[in-house]
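S.K.: Enclosed is the structure file start-v2.cif (mmCIF, C-alpha atoms).
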```cif
data_target
#
loop_
_atom_site.label_atom_id
_atom_site.label_comp_id
_atom_site.auth_asym_id
_atom_site.auth_seq_id
_atom_site.Cartn_x
_atom_site.Cartn_y
_atom_site.Cartn_z
CA MET A 1 -70.57 33.13 9.89
CA VAL A 2 -74.20 34.24 9.91
CA LYS A 3 -74.32 38.03 10.11
CA LEU A 4 -77.07 40.03 11.80
CA GLU A 5 -78.93 40.91 8.59
CA LEU A 6 -79.05 37.25 7.52
CA ALA A 7 -80.11 36.20 11.03
CA ARG A 8 -83.03 38.62 10.87
CA THR A 9 -83.97 37.29 7.42
CA LEU A 10 -83.90 33.71 8.70
CA ILE A 11 -86.16 34.66 11.59
CA ARG A 12 -88.57 36.57 9.34
CA ASP A 13 -88.80 33.71 6.84
CA SER A 14 -89.30 31.17 9.64
CA PHE A 15 -92.22 33.22 10.94
CA LEU A 16 -93.68 33.60 7.43
CA HIS A 17 -93.55 29.84 6.88
CA GLY A 18 -95.10 29.21 10.28
CA LYS A 19 -97.91 31.60 9.46
CA SER A 20 -98.52 29.89 6.11
CA LEU A 21 -98.88 26.57 7.98
CA ASN A 22 -101.05 28.15 10.70
CA LEU A 23 -98.63 27.07 13.43
CA LYS A 24 -98.64 28.03 17.10
CA PRO A 25 -96.49 31.05 18.10
CA LEU A 26 -92.84 30.40 17.31
CA SER A 27 -89.61 31.47 18.95
CA VAL A 28 -86.49 31.57 16.80
CA VAL A 29 -82.85 32.02 17.74
CA VAL A 30 -79.87 32.21 15.39
CA LEU A 31 -76.45 31.32 16.80
CA ASP A 32 -72.95 31.93 15.48
CA PRO A 33 -70.63 28.91 15.07
CA GLY A 34 -69.46 29.30 18.68
CA GLY A 35 -73.01 29.00 20.01
CA TYR A 36 -73.58 32.66 20.85
CA PRO A 37 -76.88 34.34 19.94
CA ILE A 38 -76.89 36.69 16.98
CA ALA A 39 -80.64 37.35 17.05
CA PHE A 40 -83.77 36.11 18.78
CA GLU A 41 -87.45 36.85 18.35
CA ARG A 42 -90.61 35.29 19.66
CA GLN A 43 -94.10 35.75 18.38
CA ASP A 44 -96.87 37.10 20.57
CA GLY A 45 -98.19 34.34 22.80
CA ALA A 46 -94.95 32.34 22.99
CA SER A 47 -94.19 31.11 26.49
CA ASN A 48 -91.30 32.28 28.66
CA LEU A 49 -89.15 29.11 28.30
CA ARG A 50 -89.08 29.28 24.52
CA PHE A 51 -85.76 31.15 24.30
CA LYS A 52 -84.02 28.45 26.30
CA MET A 53 -85.66 25.71 24.26
CA ALA A 54 -84.78 27.24 20.89
CA HIS A 55 -81.25 27.97 22.09
CA ALA A 56 -80.79 24.40 23.37
CA LYS A 57 -81.85 22.92 20.03
CA ALA A 58 -79.37 25.07 18.08
CA PHE A 59 -76.61 24.88 20.72
CA GLY A 60 -76.71 21.09 20.78
CA ALA A 61 -76.61 20.95 17.00
CA LEU A 62 -73.46 23.06 16.92
CA GLY A 63 -71.92 21.16 19.83
CA LEU A 64 -72.25 17.79 18.13
CA GLY A 65 -71.90 19.02 14.56
CA MET A 66 -75.27 17.66 13.46
CA GLY A 67 -78.80 18.96 13.40
CA SER A 68 -80.95 18.12 16.40
CA ARG A 69 -82.92 15.51 14.44
CA GLY A 70 -79.66 13.56 14.25
CA ILE A 71 -79.16 14.05 17.98
CA PHE A 72 -82.73 12.83 18.57
CA ASN A 73 -82.01 9.69 16.54
CA ARG A 74 -78.77 9.14 18.43
CA ALA A 75 -80.56 9.59 21.76
CA GLU A 76 -82.88 6.74 20.84
CA GLN A 77 -79.88 4.50 20.07
CA GLN A 78 -77.44 5.76 22.70
CA PRO A 79 -79.40 7.52 25.46
CA TYR A 80 -76.52 7.34 27.93
CA PHE A 81 -74.15 9.09 25.52
CA VAL A 82 -76.58 11.93 24.79
CA GLU A 83 -77.40 12.30 28.49
CA CYS A 84 -73.69 12.56 29.33
CA VAL A 85 -73.03 15.09 26.56
CA ASN A 86 -75.99 17.16 27.77
CA GLY A 87 -74.49 17.08 31.26
CA MET A 88 -71.17 18.32 29.86
CA ALA A 89 -73.14 21.09 28.13
CA ASP A 90 -74.69 22.07 31.48
CA GLY A 91 -78.11 20.92 30.28
CA GLN A 92 -78.08 23.30 27.32
CA MET A 93 -78.95 20.65 24.74
CA LEU A 94 -82.49 19.69 23.70
CA PRO A 95 -82.32 16.54 21.55
CA VAL A 96 -85.45 16.98 19.45
CA PRO A 97 -85.90 18.31 15.88
CA GLY A 98 -85.87 22.07 15.42
CA GLY A 99 -82.14 22.81 15.70
CA VAL A 100 -80.70 23.07 12.20
CA ILE A 101 -77.12 23.84 11.24
CA VAL A 102 -76.73 26.54 8.59
CA ARG A 103 -74.07 25.55 6.06
CA THR A 104 -72.61 27.13 2.96
CA LYS A 105 -73.05 25.25 -0.30
CA GLY A 106 -69.46 24.12 0.24
CA GLY A 107 -70.39 22.57 3.59
CA ASP A 108 -68.85 25.09 5.99
CA ILE A 109 -70.81 25.78 9.18
CA MET A 110 -72.09 29.35 9.35
CA GLY A 111 -74.14 28.93 12.54
CA ALA A 112 -77.41 27.33 13.56
CA ILE A 113 -81.06 28.18 13.91
CA GLY A 114 -83.25 26.86 16.71
CA ILE A 115 -87.02 27.01 16.55
CA THR A 116 -89.66 26.00 19.07
CA GLY A 117 -93.36 26.58 19.56
CA ASP A 118 -95.19 23.98 17.52
CA THR A 119 -94.40 20.30 16.97
CA SER A 120 -90.70 19.56 16.59
CA ASP A 121 -91.25 18.49 12.98
CA ASN A 122 -93.00 21.78 12.18
CA ASP A 123 -90.32 23.77 14.00
CA GLU A 124 -87.68 22.05 11.87
CA ALA A 125 -89.68 22.62 8.66
CA CYS A 126 -89.68 26.37 9.32
CA ALA A 127 -85.92 26.37 9.85
CA ILE A 128 -85.33 24.40 6.65
CA PHE A 129 -87.58 26.74 4.69
CA ALA A 130 -85.77 29.84 5.92
CA ILE A 131 -82.28 28.42 5.32
CA GLU A 132 -83.06 27.13 1.84
CA ASN A 133 -84.83 30.38 0.97
CA ALA A 134 -81.50 32.11 1.72
CA GLN A 135 -79.81 29.79 -0.80
CA LEU A 136 -77.92 27.98 1.96
CA VAL A 137 -77.84 24.35 3.11
CA ALA A 138 -79.95 23.09 6.01
CA ASP A 139 -78.31 20.28 8.01
CA THR A 140 -80.93 18.55 10.16
CA GLY A 141 -78.66 15.67 11.05
CA GLY A 142 -81.26 13.23 9.80
#
```
The structure in this file should be written as structure tokens.

M.R.:
Amino acid sequence: MVKLELARTLIRDSFLHGKSLNLKPLSVVVLDPGGYPIAFERQDGASNLRFKMAHAKAFGALGLGMGSRGIFNRAEQQPYFVECVNGMADGQMLPVPGGVIVRTKGGDIMGAIGITGDTSDNDEACAIFAIENAQLVADTGG
């Protein structure tokens, strides 16, 4: 499971990567394997819905066992399925890239990171950077 210190490191490294790419203000949440927040931060200028959006990306990834890019791809192929699952999740799933499962090198799920604020592809890139920088495996589902 992702511990608080690691969660803070993932957030810090996500922000650093976003800054290096000159991205819009990011919001980052790190969830434990059960979908509960361990840590959340948003950069100055991030809008008020960003926590819910970041959480929904990571929460959906954990709920379906695949990164939100995979959920996005599935939504294109099976929109009814993804819509129904989102209903079962009380609307807490955002099927666009930016929700990345954090795995050990052995493949075990440690938690997930959800990022929002720029394009979905850039959000996901920041999550991947942070996870890989921590010597862990980023599962985007794609």

S.K.: In terms of the shortest atom-to-atom distance over all atoms listed in the file, which of A:Ile101, A:Leu21, A:Ala54, A:Ala134 is closest to Thr116 of chain A?

M.R.: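 Answer, going by the shortest atom-to-atom distance: A:Ala54.
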
S.K.: Please, what distance in Å, to one decimal, runs between atom CA of Ile11 of chain A and atom CA of Val28 of chain A?

M.R.: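 We find that atom CA of Ile11 of chain A and atom CA of Val28 of chain A lie 6.1 Å from each other.
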
S.K.: Could you tell me which residues the PyMOL selection byres ((chain A and resi 65-82) around 9) returns for this structure, as number ranges by chain?

M.R.: A: 57-58, 60-64, 83-87, 93-101, 109, 112, 121, 124, 138-142

S.K.: Ranking A:Leu4, A:Leu23, A:Ile38, A:Val137 by minimum distance to Gly107 of chain A and counting all atoms listed in the file, which one comes first?

M.R.: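 Closest candidate: A:Val137.
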
S.K.: Need to verify the contact set: segment 128-133 of chain A, 6 Å, only C-alpha atoms, exclusion of same-chain residues closer than 3 positions in sequence. Can you return it as a list in words?

M.R.: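 Listed by chain and then number, they are Leu10, Asp13, Ser14, Ala125, Leu136 and Ala138 of chain A.
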
S.K.: Mind checking which residues fall within 6 Å of Leu26 of chain A, counting only C-alpha atoms, ignoring those fewer than 3 positions away in the same chain, and posting them as a CSV table (one decimal) with C-alpha atoms, keeping the file's coordinate frame?

M.R.:
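Printed below is selection.csv as written:
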```csv
chain,number,residue,atom,x,y,z
A,42,ARG,CA,-90.6,35.3,19.7
A,43,GLN,CA,-94.1,35.8,18.4
A,116,THR,CA,-89.7,26.0,19.1
A,117,GLY,CA,-93.4,26.6,19.6
```

S.K.: Rounded to one decimal, what separation in Å do you get between atom CA of Ala46 of chain A and atom CA of Phe15 of chain A?

M.R.: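 Distance reported for this atom pair: 12.4 Å.
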
S.K.: Once 5 Å is added on each side, what centre and edge lengths in Å to one decimal does the axis-aligned box around all listed atoms of segment 118-136 of chain A have, as AutoDock Vina command-line options?

M.R.:
```
--center_x -86.6 --center_y 25.3 --center_z 8.4 --size_x 27.3 --size_y 23.6 --size_z 28.3
```

S.K.: Just the number, please: distance in Å from atom CA of Arg8 of chain A to atom CA of Gln92 of chain A, one decimal.

M.R.: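 Interatomic distance, atom CA of Arg8 of chain A to atom CA of Gln92 of chain A: 23.0 Å.
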
S.K.: Given only C-alpha atoms as the basis, pick out the residue of A:Ser20, A:Thr119, A:Thr9, A:Ser27 nearest to His55 of chain A.

M.R.: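 Distance minimum relative to His55 of chain A lands on A:Ser27.
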
S.K.: Calculated over only C-alpha atoms, which of the candidates A:Gly35, A:Leu49, A:Gln135, A:Leu16 has the smallest distance to Gly106 of chain A?

M.R.: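 Of the candidates, the smallest distance to Gly106 of chain A is held by A:Gln135.
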
S.K.: Here is a test: counting all atoms listed in the file, which residue of A:Asp118, A:Glu5, A:Ala56, A:Met88 is nearest to Ala39 of chain A?

M.R.: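 Closest to Ala39 of chain A, using all atoms listed in the file: A:Glu5.
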